[in-house]
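Novice: Below you'll find the structure I mean.
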Amino acid sequence: MAAITRLVKRTPYFPCAARRFLSHAPPHKERNVQWVFLGCPGVGKGTYASRLCNLLGVPHIATGDLVRSELASNGPLSSQLSEIVNQGKLVSDEIIMNLLSKRLADGEAKGESGFILDGFPRTIKQAEILEGVTDIDLVVNLKIQEEALLAKCLGRRICNQCGGNFNVASISLKGENGRPGMVMAPLLPPAHCMSKLVTRSDDTEEVVKERLRIYSEKSQPVEEFYRSRGKLLEFDLPGGIPESWPKLLQALNLYDYEEKQSVAA
C-alpha cells in the first residue's frame, strides 16, 4: 500500500472539458495517460490495453500477469493464489494491492510516466483506494456477448515454449432479436508452436462460468462508480481484432494519431 501512495496526484494532462472521452490528444512527456480497462474475464482487456500501451508509450500493468508471475515464482503467495485461481474465485484486495504496490514501486524507480491498468480495480473498495491516490483520466469498459466470450475463453491456448498467446476458437454468431451478429476468426500460432500449445488450468467451462458469475456480482458495480464520475466509455466489441481495433481507436479519438505514428516510423 505504501508504494501506491507514492503516485502523486498530478494535474491530469487532459483538460477538464476534454476528459469526457473527449479529446484524447497524444500523450505529453510531463503527464502521460492514466487509464483503466474494465470487462469480463477473457473479453480481451490485455490485448487491447497492450496495443494502446505500445501506441502511447506507457506501461501495461495487468493484475492477471502479476498474479501469474507470482504463481510461477513459488513465492510466499503462490500456493494460496493457486487454490484461488483454480476455483475461479477473485483474488482478495489485500493480495492484489500487495502485488500492485510492488509493481508501481518498481516502475517509479525506473521513471515511468502514466499507465494503463488492466484488471484493476475489480471492486468498489479498490476503486475508492485508487481514486484517493491518483487521477484516472478514462475507464474503458469492453463488452462482448456472453456466448462469444465463453467460446473465446475455452479456445485460449499458450505456447509452452515461447509463451505466446493464441486462440483456436472460430466464432460466428447470427444476429437475432435486435442483437447484432459477430464473427471472430481464430488467432492461430505459427507452425513451430502448434504442437506446443497448452490450455490454462483455469480455462474450463465450469471455471469460466464461475468467473463470469463472480464478475457480475462483485465487479460490475465498478462500472457505475466510474459512470457516475463521467469517466466511463463503454465499447461493444464488434468482432475480432481486425474489426474492433480501428473502431476502438476512433472511439478514443486516436485513429489519426496511429496514422501519424506509422508515418513517423
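By convention in this document, the chains of the C-alpha cells carry letters A, B, ... by their order, each chain's residues are numbered from 1, and ligands are numbered from 1 in the order they are shown.
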Considering only C-alpha atoms, give me a table of residues in range 42-72 of chain A that are at most 12 Å from range 81-94 of chain A, with the closest atom pair and distance in Å for each, as CSV.
Specialist:
residue,atom,partner,partner_atom,distance
A:Thr63,CA,A:Val91,CA,9.8
A:Gly64,CA,A:Val91,CA,9.7
A:Leu66,CA,A:Leu81,CA,11.1
A:Val67,CA,A:Leu81,CA,7.4
A:Arg68,CA,A:Leu81,CA,8.8
A:Ser69,CA,A:Leu81,CA,10.8
A:Glu70,CA,A:Leu81,CA,8.2
A:Leu71,CA,A:Ser82,CA,6.7
A:Ala72,CA,A:Ser82,CA,9.8
Novice: Rounded to one decimal, what separation in Å do you get between CA of Pro238 in chain A and CA of Ala251 in chain A?
Specialist: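 Value for the CA of Pro238 in chain A-CA of Ala251 in chain A distance: 12.7 Å.
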Novice: Would you work out the distance separating CA of Glu146 in chain A from CA of Ala169 in chain A, expressed in Å to one decimal?
Specialist: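 Rounded to one decimal, the two atoms are 14.4 Å apart.
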Novice: For Leu232 in chain A, which residue among A:Pro246, A:Gly57, A:Gly39, A:Gly181 is the nearest when counting only C-alpha atoms?
Specialist: A:Gly39
Novice: Which residues come within 7 Å of Phe235 in chain A, counting only C-alpha atoms, excluding same-chain residues fewer than 5 positions away, as a PyMOL selection string?
Specialist: chain A and resi 141-143
Novice: Write a file of the selected residues as a compact mmCIF listing (two decimals), in the first residue's frame, keeping C-alpha atoms.
Specialist:
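New file out-v5.txt:
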# COMPACT_ATOMS: atom_id res chain seq x y z
CA ASN A 141 -15.36 -0.88 -20.44
CA LEU A 142 -15.06 -3.61 -23.08
CA LYS A 143 -18.25 -5.60 -23.69
Novice: Find the spatial neighbours of Pro221 in chain A, counting only C-alpha atoms, within a cut-off of 8 Å - ignore same-chain residues fewer than 4 positions away - and output them as a ChimeraX atom specification.
Specialist: /A:123-124,225
Novice: Give me the residues within 12 Å of Arg51 in chain A as a list in words, counting only C-alpha atoms and dropping any in the same chain fewer than 6 places off.
Specialist: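 Answer for this query is Gly44, Lys45, Gly57, Val58, Pro59, His60, Ile116, Ile241, Trp245, Pro246, Leu248, Leu249 and Glu258 of chain A.
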